[in-house]
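**Student:** Structure file query_29.txt, compact mmCIF, C-alpha atoms, is pasted below:
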# COMPACT_ATOMS: atom_id res chain seq x y z
CA MET A 14 33.55 -38.52 -108.17
CA ASN A 15 29.76 -38.35 -107.90
CA ILE A 16 28.74 -36.89 -111.23
CA ILE A 17 25.00 -36.81 -110.46
CA PRO A 18 23.77 -33.40 -109.19
CA LYS A 19 22.48 -33.45 -105.60
CA SER A 20 18.79 -32.76 -106.29
CA ILE A 21 18.76 -35.60 -108.83
CA GLN A 22 20.58 -38.01 -106.49
CA ASP A 23 18.16 -37.08 -103.67
CA LEU A 24 15.12 -38.13 -105.68
CA VAL A 25 16.86 -41.32 -106.87
CA ASP A 26 17.56 -42.18 -103.21
CA GLU A 27 13.97 -41.47 -102.12
CA LEU A 28 12.42 -43.47 -104.97
CA SER A 29 14.79 -46.39 -104.25
CA LYS A 30 13.16 -46.75 -100.83
CA LEU A 31 9.82 -47.72 -102.41
CA PRO A 32 9.00 -51.44 -102.61
CA GLY A 33 9.90 -53.02 -105.94
CA VAL A 34 11.86 -49.97 -107.07
CA GLY A 35 15.60 -50.67 -107.44
CA SER A 36 18.27 -48.05 -108.05
CA LYS A 37 18.13 -48.50 -111.84
CA THR A 38 14.36 -47.98 -111.92
CA ALA A 39 14.70 -45.01 -109.56
CA GLN A 40 17.28 -43.45 -111.92
CA ARG A 41 15.07 -44.07 -114.93
CA LEU A 42 12.04 -42.49 -113.24
CA THR A 43 14.06 -39.50 -112.04
CA PHE A 44 15.53 -38.77 -115.47
CA TYR A 45 12.06 -39.19 -116.96
CA LEU A 46 10.78 -36.52 -114.54
CA LEU A 47 13.69 -34.23 -115.48
CA ARG A 48 12.27 -34.17 -118.99
CA SER A 49 8.69 -33.64 -117.75
CA SER A 50 7.01 -30.25 -117.52
CA ASP A 51 7.24 -28.24 -114.29
CA ASN A 52 3.47 -28.66 -114.00
CA ASP A 53 3.66 -32.46 -114.04
CA ILE A 54 6.45 -32.42 -111.47
CA ASN A 55 4.51 -30.10 -109.16
CA GLU A 56 1.37 -32.23 -109.43
CA LEU A 57 3.27 -35.38 -108.49
CA GLY A 58 5.17 -33.69 -105.65
CA ASN A 59 2.07 -32.09 -104.18
CA SER A 60 0.09 -35.32 -104.47
CA VAL A 61 2.74 -37.02 -102.35
CA LEU A 62 2.76 -34.20 -99.77
CA ASN A 63 -1.06 -34.06 -99.58
CA LEU A 64 -1.52 -37.82 -99.48
CA LYS A 65 -2.28 -38.20 -95.78
CA LYS A 66 -3.75 -34.73 -95.21
CA ASP A 67 -7.46 -35.62 -95.01
CA ILE A 68 -7.07 -39.35 -94.47
CA LYS A 69 -8.36 -40.95 -91.29
CA ILE A 70 -9.35 -44.46 -90.28
CA CYS A 71 -13.11 -45.21 -90.52
CA SER A 72 -14.34 -45.74 -86.97
CA THR A 73 -16.58 -48.59 -88.17
CA CYS A 74 -14.65 -50.66 -90.73
CA CYS A 75 -11.09 -49.32 -90.09
CA ASN A 76 -10.49 -48.61 -93.79
CA PHE A 77 -8.74 -45.42 -94.97
CA THR A 78 -11.29 -42.67 -95.59
CA ASP A 79 -11.64 -38.91 -95.88
CA ASN A 80 -15.07 -38.93 -94.18
CA ASP A 81 -15.97 -40.86 -91.05
CA PRO A 82 -17.88 -43.17 -91.39
CA CYS A 83 -16.54 -44.08 -94.82
CA ILE A 84 -18.55 -44.03 -98.04
CA ILE A 85 -19.25 -47.78 -97.83
CA CYS A 86 -20.27 -47.87 -94.15
CA SER A 87 -22.56 -44.85 -94.61
CA SER A 88 -24.14 -46.07 -97.87
CA GLN A 89 -27.84 -46.99 -97.90
CA ASN A 90 -27.39 -49.46 -100.74
CA ARG A 91 -25.19 -52.02 -98.97
CA ASP A 92 -26.24 -55.23 -97.28
CA LYS A 93 -25.48 -54.33 -93.65
CA GLY A 94 -25.78 -57.93 -92.48
CA ILE A 95 -22.62 -59.24 -94.14
CA ILE A 96 -19.07 -58.29 -93.20
CA CYS A 97 -16.16 -59.24 -95.43
CA VAL A 98 -13.01 -59.27 -93.27
CA VAL A 99 -9.78 -58.39 -95.12
CA GLY A 100 -6.19 -57.69 -94.13
CA GLU A 101 -5.38 -54.49 -96.02
CA PRO A 102 -7.27 -51.49 -97.48
CA LEU A 103 -6.14 -52.54 -100.98
CA ASP A 104 -8.10 -55.79 -100.55
CA VAL A 105 -11.28 -53.70 -100.29
CA VAL A 106 -10.41 -52.06 -103.61
CA ALA A 107 -10.05 -55.53 -105.13
CA PHE A 108 -13.39 -56.84 -103.79
CA GLU A 109 -15.18 -53.67 -104.90
CA LYS A 110 -14.56 -54.80 -108.49
CA THR A 111 -16.85 -57.78 -107.81
CA ASP A 112 -20.62 -57.77 -107.24
CA PHE A 113 -20.21 -57.91 -103.45
CA THR A 114 -22.62 -55.49 -101.77
CA GLY A 115 -21.96 -56.16 -98.08
CA LEU A 116 -19.71 -54.24 -95.70
CA TYR A 117 -16.01 -54.67 -94.95
CA HIS A 118 -13.74 -54.80 -91.97
CA VAL A 119 -10.05 -54.01 -92.45
CA LEU A 120 -7.78 -55.73 -89.93
CA GLY A 121 -4.79 -53.54 -90.75
CA GLY A 122 -2.58 -56.56 -91.35
CA VAL A 123 -2.50 -60.25 -90.46
CA ILE A 124 -1.14 -62.25 -87.54
CA SER A 125 2.56 -62.83 -88.25
CA PRO A 126 4.86 -64.00 -85.45
CA VAL A 127 7.86 -63.54 -87.78
CA GLU A 128 7.12 -59.84 -88.17
CA GLY A 129 6.00 -59.52 -84.56
CA VAL A 130 2.35 -58.84 -85.38
CA GLY A 131 -0.04 -60.35 -82.83
CA PRO A 132 -3.86 -60.23 -82.58
CA ASP A 133 -3.68 -57.11 -80.38
CA ASP A 134 -1.93 -55.17 -83.16
CA LEU A 135 -4.93 -55.66 -85.46
CA TYR A 136 -8.46 -54.20 -85.43
CA ILE A 137 -9.89 -57.48 -84.12
CA LYS A 138 -11.56 -56.15 -80.96
CA LYS A 139 -13.41 -53.59 -83.09
CA LEU A 140 -14.63 -56.40 -85.34
CA ILE A 141 -15.97 -58.42 -82.40
CA ASP A 142 -17.66 -55.32 -80.94
CA ARG A 143 -19.22 -54.65 -84.32
CA ILE A 144 -20.54 -58.21 -84.68
CA LYS A 145 -22.04 -58.04 -81.18
CA LYS A 146 -23.57 -54.59 -81.62
CA ASP A 147 -24.92 -54.68 -85.20
CA LYS A 148 -27.22 -57.35 -86.60
CA ILE A 149 -24.62 -59.32 -88.54
CA SER A 150 -25.81 -62.54 -90.19
CA GLU A 151 -22.54 -63.62 -91.86
CA VAL A 152 -18.83 -62.95 -91.54
CA ILE A 153 -16.73 -63.78 -94.60
CA LEU A 154 -13.09 -64.36 -93.70
CA ALA A 155 -11.24 -63.02 -96.76
CA THR A 156 -7.61 -62.83 -95.65
CA ASN A 157 -4.99 -63.98 -98.17
CA PRO A 158 -4.75 -67.75 -98.77
CA ASN A 159 -1.18 -67.92 -97.44
CA LEU A 160 0.28 -68.98 -94.08
CA GLU A 161 -0.38 -65.71 -92.23
CA GLY A 162 -3.79 -65.23 -93.82
CA GLU A 163 -4.94 -68.77 -92.98
CA THR A 164 -3.65 -68.42 -89.42
CA THR A 165 -5.53 -65.16 -89.00
CA ALA A 166 -8.72 -66.66 -90.48
CA LEU A 167 -8.50 -69.65 -88.13
CA TYR A 168 -7.92 -67.37 -85.15
CA LEU A 169 -10.95 -65.24 -86.06
CA GLN A 170 -13.11 -68.31 -86.70
CA LYS A 171 -12.45 -69.60 -83.16
CA LEU A 172 -13.09 -66.15 -81.70
CA ILE A 173 -16.35 -65.54 -83.57
CA GLN A 174 -17.80 -69.07 -83.36
CA PRO A 175 -19.20 -68.61 -79.79
CA LEU A 176 -21.26 -65.66 -81.08
CA GLY A 177 -23.32 -68.14 -83.07
CA ILE A 178 -23.33 -66.45 -86.49
CA LYS A 179 -22.49 -67.87 -89.89
CA ILE A 180 -18.76 -67.79 -90.65
CA THR A 181 -17.45 -68.50 -94.16
CA ARG A 182 -14.01 -68.56 -95.77
CA ILE A 183 -13.43 -67.46 -99.40
CA ALA A 184 -12.92 -70.41 -101.78
CA ARG A 185 -9.42 -71.52 -102.59
CA GLY A 186 -8.89 -73.28 -105.91
CA LEU A 187 -7.67 -72.72 -109.42
CA PRO A 188 -7.72 -69.09 -110.53
CA VAL A 189 -10.01 -68.44 -113.50
CA GLY A 190 -7.98 -68.69 -116.71
CA GLY A 191 -5.42 -70.79 -114.84
CA ASP A 192 -3.77 -73.97 -116.03
CA LEU A 193 -4.06 -77.30 -114.18
CA GLU A 194 -0.60 -78.25 -115.38
CA TYR A 195 1.07 -75.39 -113.56
CA ALA A 196 -1.02 -75.48 -110.38
CA ASP A 197 0.73 -76.55 -107.16
CA GLU A 198 -0.55 -79.58 -105.25
CA VAL A 199 -1.97 -77.58 -102.32
CA THR A 200 -4.12 -75.50 -104.67
CA LEU A 201 -5.26 -78.66 -106.51
CA THR A 202 -6.13 -80.35 -103.21
CA ARG A 203 -8.16 -77.28 -102.20
CA SER A 204 -9.92 -77.25 -105.56
CA LEU A 205 -11.01 -80.88 -104.99
CA GLU A 206 -12.06 -80.25 -101.39
CA GLY A 207 -14.09 -77.23 -102.45
CA ARG A 208 -15.79 -78.91 -105.45
CA ARG A 209 -19.48 -78.21 -105.97
CA GLU A 210 -22.29 -80.08 -107.70
CA TYR A 211 -23.57 -78.72 -111.00
CA MET B 12 -19.09 -45.56 -106.51
CA ASN B 13 -15.46 -44.54 -106.17
CA ILE B 14 -14.50 -45.84 -102.77
CA ILE B 15 -10.92 -44.51 -102.85
CA PRO B 16 -10.50 -41.14 -101.05
CA LYS B 17 -9.52 -38.28 -103.36
CA SER B 18 -5.99 -37.63 -102.05
CA ILE B 19 -5.20 -41.34 -102.45
CA GLN B 20 -6.69 -41.51 -105.95
CA ASP B 21 -4.76 -38.36 -106.92
CA LEU B 22 -1.42 -39.93 -106.08
CA VAL B 23 -2.37 -43.20 -107.79
CA ASP B 24 -3.21 -41.20 -110.93
CA GLU B 25 0.05 -39.22 -110.81
CA LEU B 26 2.21 -42.32 -110.25
CA SER B 27 0.40 -44.14 -113.09
CA LYS B 28 1.77 -41.52 -115.50
CA LEU B 29 5.35 -42.67 -114.86
CA PRO B 30 6.90 -45.05 -117.40
CA GLY B 31 6.64 -48.71 -116.42
CA VAL B 32 4.22 -47.95 -113.58
CA GLY B 33 0.75 -49.41 -114.20
CA SER B 34 -2.34 -48.69 -112.10
CA LYS B 35 -1.78 -51.75 -109.90
CA THR B 36 1.81 -50.74 -109.11
CA ALA B 37 0.69 -47.16 -108.52
CA GLN B 38 -1.92 -48.39 -106.03
CA ARG B 39 0.61 -50.60 -104.26
CA LEU B 40 3.12 -47.73 -103.96
CA THR B 41 0.43 -45.31 -102.73
CA PHE B 42 -0.85 -47.66 -100.03
CA TYR B 43 2.75 -48.34 -99.03
CA LEU B 44 3.26 -44.59 -98.57
CA LEU B 45 0.04 -44.36 -96.52
CA ARG B 46 1.72 -46.64 -93.98
CA SER B 47 5.01 -44.69 -94.11
CA SER B 48 5.96 -41.99 -91.62
CA ASP B 49 5.07 -38.35 -92.32
CA ASN B 50 8.80 -37.66 -92.49
CA ASP B 51 9.39 -40.20 -95.28
CA ILE B 52 6.42 -38.83 -97.22
CA ASN B 53 7.66 -35.24 -96.88
CA GLU B 54 11.16 -36.18 -98.00
CA LEU B 55 9.85 -37.90 -101.11
CA GLY B 56 7.40 -35.09 -101.92
CA ASN B 57 9.99 -32.36 -101.46
CA SER B 58 12.58 -34.26 -103.48
CA VAL B 59 10.15 -34.32 -106.38
CA LEU B 60 9.33 -30.61 -106.02
CA ASN B 61 13.01 -29.62 -105.72
CA LEU B 62 14.20 -31.87 -108.53
CA LYS B 63 14.66 -29.25 -111.22
CA LYS B 64 15.35 -26.29 -108.93
CA ASP B 65 19.13 -25.99 -109.43
CA ILE B 66 19.42 -28.08 -112.56
CA LYS B 67 20.70 -26.53 -115.78
CA ILE B 68 22.21 -27.82 -118.99
CA CYS B 69 26.04 -27.74 -119.10
CA SER B 70 27.00 -25.21 -121.78
CA THR B 71 29.85 -27.48 -122.91
CA CYS B 72 28.61 -31.09 -122.87
CA CYS B 73 24.82 -30.46 -122.58
CA ASN B 74 24.47 -32.85 -119.61
CA PHE B 75 22.27 -32.01 -116.60
CA THR B 76 24.31 -30.19 -113.96
CA ASP B 77 23.96 -27.91 -110.95
CA ASN B 78 27.14 -25.98 -111.86
CA ASP B 79 28.06 -24.74 -115.31
CA PRO B 80 30.40 -26.09 -116.66
CA CYS B 81 29.62 -29.49 -115.13
CA ILE B 82 31.88 -31.42 -112.79
CA ILE B 83 33.26 -33.54 -115.65
CA CYS B 84 33.90 -30.68 -118.11
CA SER B 85 35.61 -28.61 -115.39
CA SER B 86 37.71 -31.47 -113.99
CA GLN B 87 41.50 -31.33 -114.40
CA ASN B 88 41.83 -35.12 -114.35
CA ARG B 89 39.99 -35.91 -117.57
CA ASP B 90 41.44 -36.54 -121.01
CA LYS B 91 40.17 -33.44 -122.83
CA GLY B 92 41.05 -34.84 -126.25
CA ILE B 93 38.37 -37.54 -126.36
CA ILE B 94 34.62 -36.93 -126.55
CA CYS B 95 32.19 -39.79 -125.99
CA VAL B 96 28.90 -38.86 -127.68
CA VAL B 97 25.78 -40.30 -126.03
CA GLY B 98 22.03 -39.84 -126.43
CA GLU B 99 20.83 -39.33 -122.87
CA PRO B 100 22.23 -38.08 -119.53
CA LEU B 101 21.69 -41.56 -118.05
CA ASP B 102 24.16 -42.96 -120.59
CA VAL B 103 26.86 -40.78 -118.98
CA VAL B 104 26.02 -42.34 -115.61
CA ALA B 105 26.47 -45.78 -117.19
CA PHE B 106 29.85 -44.96 -118.80
CA GLU B 107 31.11 -43.37 -115.57
CA LYS B 108 31.09 -46.87 -114.05
CA THR B 109 33.82 -47.83 -116.55
CA ASP B 110 37.45 -46.63 -116.66
CA PHE B 111 36.68 -44.03 -119.32
CA THR B 112 38.41 -40.74 -118.46
CA GLY B 113 37.52 -38.59 -121.48
CA LEU B 114 34.73 -36.05 -121.84
CA TYR B 115 31.13 -36.51 -122.93
CA HIS B 116 28.64 -34.86 -125.19
CA VAL B 117 24.94 -35.44 -124.55
CA LEU B 118 22.79 -35.15 -127.68
CA GLY B 119 19.55 -34.95 -125.73
CA GLY B 120 18.01 -37.79 -127.75
CA VAL B 121 18.56 -39.53 -131.08
CA ILE B 122 17.30 -38.95 -134.60
CA SER B 123 13.88 -40.57 -134.82
CA PRO B 124 11.57 -39.73 -137.75
CA VAL B 125 8.78 -41.74 -136.07
CA GLU B 126 8.84 -39.49 -133.01
CA GLY B 127 9.51 -36.40 -135.09
CA VAL B 128 13.04 -35.84 -133.78
CA GLY B 129 15.41 -34.46 -136.43
CA PRO B 130 19.09 -33.43 -136.21
CA ASP B 131 18.09 -29.84 -135.39
CA ASP B 132 16.30 -30.99 -132.22
CA LEU B 133 19.56 -32.40 -130.82
CA TYR B 134 22.72 -30.71 -129.49
CA ILE B 135 24.60 -31.58 -132.70
CA LYS B 136 25.65 -28.06 -133.70
CA LYS B 137 27.19 -27.61 -130.23
CA LEU B 138 29.14 -30.84 -130.74
CA ILE B 139 30.52 -29.71 -134.09
CA ASP B 140 31.46 -26.28 -132.66
CA ARG B 141 33.20 -28.03 -129.78
CA ILE B 142 35.18 -30.31 -132.08
CA LYS B 143 36.25 -27.35 -134.20
CA LYS B 144 37.16 -25.13 -131.24
CA ASP B 145 38.85 -27.54 -128.80
CA LYS B 146 41.75 -29.84 -129.67
CA ILE B 147 39.77 -33.05 -130.01
CA SER B 148 41.68 -36.12 -131.20
CA GLU B 149 38.88 -38.70 -131.13
CA VAL B 150 35.10 -38.78 -131.13
CA ILE B 151 33.52 -41.99 -129.86
CA LEU B 152 29.99 -42.45 -131.15
CA ALA B 153 28.23 -44.19 -128.25
CA THR B 154 24.55 -44.00 -129.14
CA ASN B 155 22.45 -47.11 -128.50
CA PRO B 156 22.98 -50.04 -130.89
CA ASN B 157 19.40 -49.88 -132.18
CA LEU B 158 17.84 -48.37 -135.32
CA GLU B 159 17.68 -44.77 -134.08
CA GLY B 160 21.09 -44.96 -132.39
CA GLU B 161 22.79 -46.40 -135.49
CA THR B 162 21.10 -43.80 -137.72
CA THR B 163 22.29 -41.00 -135.44
CA ALA B 164 25.84 -42.42 -135.32
CA LEU B 165 25.95 -42.67 -139.13
CA TYR B 166 24.65 -39.10 -139.47
CA LEU B 167 27.30 -37.80 -137.06
CA GLN B 168 30.04 -39.82 -138.74
CA LYS B 169 29.30 -38.18 -142.12
CA LEU B 170 29.12 -34.76 -140.49
CA ILE B 171 32.39 -35.06 -138.56
CA GLN B 172 34.45 -36.91 -141.20
CA PRO B 173 35.35 -33.69 -143.15
CA LEU B 174 36.95 -32.33 -139.96
CA GLY B 175 39.65 -34.98 -140.30
CA ILE B 176 39.66 -36.42 -136.79
CA LYS B 177 39.45 -40.01 -135.61
CA ILE B 178 35.86 -41.27 -135.33
CA THR B 179 35.07 -44.56 -133.60
CA ARG B 180 31.88 -46.49 -132.82
CA ILE B 181 31.47 -48.57 -129.64
CA ALA B 182 31.77 -52.32 -130.26
CA ARG B 183 28.64 -54.36 -130.77
CA GLY B 184 28.82 -58.03 -129.90
CA LEU B 185 27.87 -60.51 -127.20
CA PRO B 186 27.34 -58.97 -123.75
CA VAL B 187 29.78 -60.28 -121.13
CA GLY B 188 28.15 -63.18 -119.31
CA GLY B 189 25.87 -63.70 -122.30
CA ASP B 190 24.98 -66.96 -123.97
CA LEU B 191 25.72 -67.71 -127.63
CA GLU B 192 22.65 -69.91 -127.82
CA TYR B 193 20.29 -67.05 -127.03
CA ALA B 194 22.03 -64.36 -129.08
CA ASP B 195 20.19 -63.02 -132.13
CA GLU B 196 21.81 -63.32 -135.57
CA VAL B 197 22.51 -59.59 -135.96
CA THR B 198 24.46 -59.53 -132.68
CA LEU B 199 26.36 -62.69 -133.70
CA THR B 200 27.17 -61.18 -137.10
CA ARG B 201 28.48 -58.04 -135.37
CA SER B 202 30.54 -60.14 -132.97
CA LEU B 203 32.21 -61.85 -135.94
CA GLU B 204 32.76 -58.59 -137.85
CA GLY B 205 34.29 -56.99 -134.76
CA ARG B 206 36.55 -59.93 -133.86
CA ARG B 207 40.08 -59.08 -132.72
CA GLU B 208 43.36 -60.99 -132.74
CA TYR B 209 44.65 -62.30 -129.42
Just give me the structure of the file as structure tokens.

**Tutor:**
Amino acid sequence: MNIIPKSIQDLVDELSKLPGVGSKTAQRLTFYLLRSSDNDINELGNSVLNLKKDIKICSTCCNFTDNDPCIICSSQNRDKGIICVVGEPLDVVAFEKTDFTGLYHVLGGVISPVEGVGPDDLYIKKLIDRIKKDKISEVILATNPNLEGETTALYLQKLIQPLGIKITRIARGLPVGGDLEYADEVTLTRSLEGRREY
Amino acid sequence: MNIIPKSIQDLVDELSKLPGVGSKTAQRLTFYLLRSSDNDINELGNSVLNLKKDIKICSTCCNFTDNDPCIICSSQNRDKGIICVVGEPLDVVAFEKTDFTGLYHVLGGVISPVEGVGPDDLYIKKLIDRIKKDKISEVILATNPNLEGETTALYLQKLIQPLGIKITRIARGLPVGGDLEYADEVTLTRSLEGRREY
């Protein structure tokens, strides 16, 4: 006997599909919403429905945007000579919390044979075209420091090298506030390799 | 400079309001949805909007339901002499995974002076009326074993006692699969007090 009313079970099922949301969490969220005001529920529901409405891909950097070119690509206050290459749009959000003032290029993923993602599935050709066309002085490869990210960075490095511009890779080492004791040996090795003089 | 498009930021803001969902999680969920199909997004959005549409409060047990009386109160296969009193609708879902075949009564919360919830804010009068009207042989007080839950159980016990029916409280002790070593002293004390002969 399913004692949960259909409209409640429907939302539990939909929320369970989200990453990191199990059935218990989905139930908890749903019953929280049941106690929320109609206004709050409508705002959440409409936000979901309107999410993609005005969203397109920036024709320059391939990030999500509501205006093409996006606010970063069209800004007059950015250093147009540096491109920071990242895997996902969320990585741009993360870098925007730093002092970085250059431009970005979103690959839309990373090379991953396991998940069947090859170079042609990513916005790599657009990146190369951009480097050739605009006056780019440096490309920062800022994919994640994991297997797929390193593979993608290496692939891009070989592809961009013939163009004769400066290519850098973000530093890998101990995270600030981290603890030597708990660091893995690969991270420690990288932190030694990447050491700098005072 | 807010680089996140408005429709994306709107959903991040709405999701951040949910319990246990911080801004990072809200961002991750939103960008996950941006990569989902329009169909998946519409199903989630409409599930939220339709959540409360057919939901009412059961006039007998005060649980959420789409039909009044609810599927449990109107069932012919339940033991109508036992009422299990719980705080929240989700507690009914939890007990329904056990072999319990009696009825429920949902209080709609627990007595909590800190949050300004008194006995009059709960469905307590309805419970008393129900006990007086129907032939109830036992009331199981199944509020949470925390301060508010125990207070509420004690309050109900004093209120129901004059009616001369059996009142029980769910057992408190070590959770099955638990570890003595990590149990707190209050739980251990309860497990001794509640010990039973083989």

**Student:** Compute the set of chain A residues within 7 Å of chain B, using all atoms listed in the file, and express it as a list in words.

**Tutor:** Ile16, Pro18, Ser20, Ile21, Asp23, Leu24, Glu27, Leu31, Leu42, Leu47, Ile54, Asn55, Leu57, Gly58, Asn59, Ser60, Val61, Leu62, Asn63, Leu64, Lys65, Thr78, Asp79 and Ile84 of chain A

**Student:** Convert the current residue selection to file output with C-alpha atoms, as a short mmCIF file (atom, residue, chain, number, x, y, z; two decimals), in the coordinates of the input.

**Tutor:**
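The resulting file, out_28.cif, is reproduced below:
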data_model
loop_
_atom_site.label_atom_id
_atom_site.label_comp_id
_atom_site.auth_asym_id
_atom_site.auth_seq_id
_atom_site.Cartn_x
_atom_site.Cartn_y
_atom_site.Cartn_z
CA ILE A 16 28.74 -36.89 -111.23
CA PRO A 18 23.77 -33.40 -109.19
CA SER A 20 18.79 -32.76 -106.29
CA ILE A 21 18.76 -35.60 -108.83
CA ASP A 23 18.16 -37.08 -103.67
CA LEU A 24 15.12 -38.13 -105.68
CA GLU A 27 13.97 -41.47 -102.12
CA LEU A 31 9.82 -47.72 -102.41
CA LEU A 42 12.04 -42.49 -113.24
CA LEU A 47 13.69 -34.23 -115.48
CA ILE A 54 6.45 -32.42 -111.47
CA ASN A 55 4.51 -30.10 -109.16
CA LEU A 57 3.27 -35.38 -108.49
CA GLY A 58 5.17 -33.69 -105.65
CA ASN A 59 2.07 -32.09 -104.18
CA SER A 60 0.09 -35.32 -104.47
CA VAL A 61 2.74 -37.02 -102.35
CA LEU A 62 2.76 -34.20 -99.77
CA ASN A 63 -1.06 -34.06 -99.58
CA LEU A 64 -1.52 -37.82 -99.48
CA LYS A 65 -2.28 -38.20 -95.78
CA THR A 78 -11.29 -42.67 -95.59
CA ASP A 79 -11.64 -38.91 -95.88
CA ILE A 84 -18.55 -44.03 -98.04
#

**Student:** Could you state the separation of atom CA of Gly129 of chain B and atom CA of Ile94 of chain B in Å, given to one decimal place?

**Tutor:**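 Value for the atom CA of Gly129 of chain B-atom CA of Ile94 of chain B distance: 21.7 Å.
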
**Student:** Between atom CA of Lys171 of chain A and atom CA of Pro158 of chain A, what is the spacing in Å?

**Tutor:**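 Between atom CA of Pro158 of chain A and atom CA of Lys171 of chain A the gap works out to 17.5 Å.
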
**Student:** Using all atoms listed in the file, which of A:Asp112, A:Leu167, A:Gly190, A:Lys93 sits nearest Ile144 of chain A?

**Tutor:**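 Of the candidates, the smallest distance to Ile144 of chain A is held by A:Lys93.
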
**Student:** Under the rule that only C-alpha atoms are counted, which of A:Glu194, A:Tyr117, A:Ser125, A:Arg185 is the nearest residue to Thr164 of chain A?

**Tutor:**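 Among A:Glu194, A:Tyr117, A:Ser125, A:Arg185, it is A:Ser125 that comes nearest to Thr164 of chain A.
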
**Student:** Taking only C-alpha atoms into account, name the residue in B:Leu133, B:Ile147, B:Val125, B:Leu191 that is nearest to Gly175 of chain B.

**Tutor:**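 Of the candidates, the smallest distance to Gly175 of chain B is held by B:Ile147.
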
**Student:** Just give me the gap between atom CA of Arg89 of chain B and atom CA of Leu114 of chain B in Å, one decimal is fine.

**Tutor:**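 These atoms are spaced 6.8 Å apart.
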
**Student:** Draw an axis-aligned box over all listed atoms of segment 15-21 of chain B, pad each side with 6 Å, and write its centre and edge lengths in Å, one decimal, as lines of an AutoDock Vina configuration file.

**Tutor:**
center_x = -7.8
center_y = -41.1
center_z = -104.0
size_x = 18.2
size_y = 18.9
size_z = 17.9

**Student:** Find the spatial neighbours of Ser148 of chain B, counting all atoms listed in the file, within a cut-off of 8 Å - ignore same-chain residues fewer than 4 positions away - and output them as a short mmCIF file (atom, residue, chain, number, x, y, z; two decimals) with C-alpha atoms, in the coordinates of the input.

**Tutor:**
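Full text of result.cif as output:
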data_model
loop_
_atom_site.label_atom_id
_atom_site.label_comp_id
_atom_site.auth_asym_id
_atom_site.auth_seq_id
_atom_site.Cartn_x
_atom_site.Cartn_y
_atom_site.Cartn_z
CA GLY B 92 41.05 -34.84 -126.25
CA ILE B 93 38.37 -37.54 -126.36
CA ILE B 176 39.66 -36.42 -136.79
CA LYS B 177 39.45 -40.01 -135.61
#
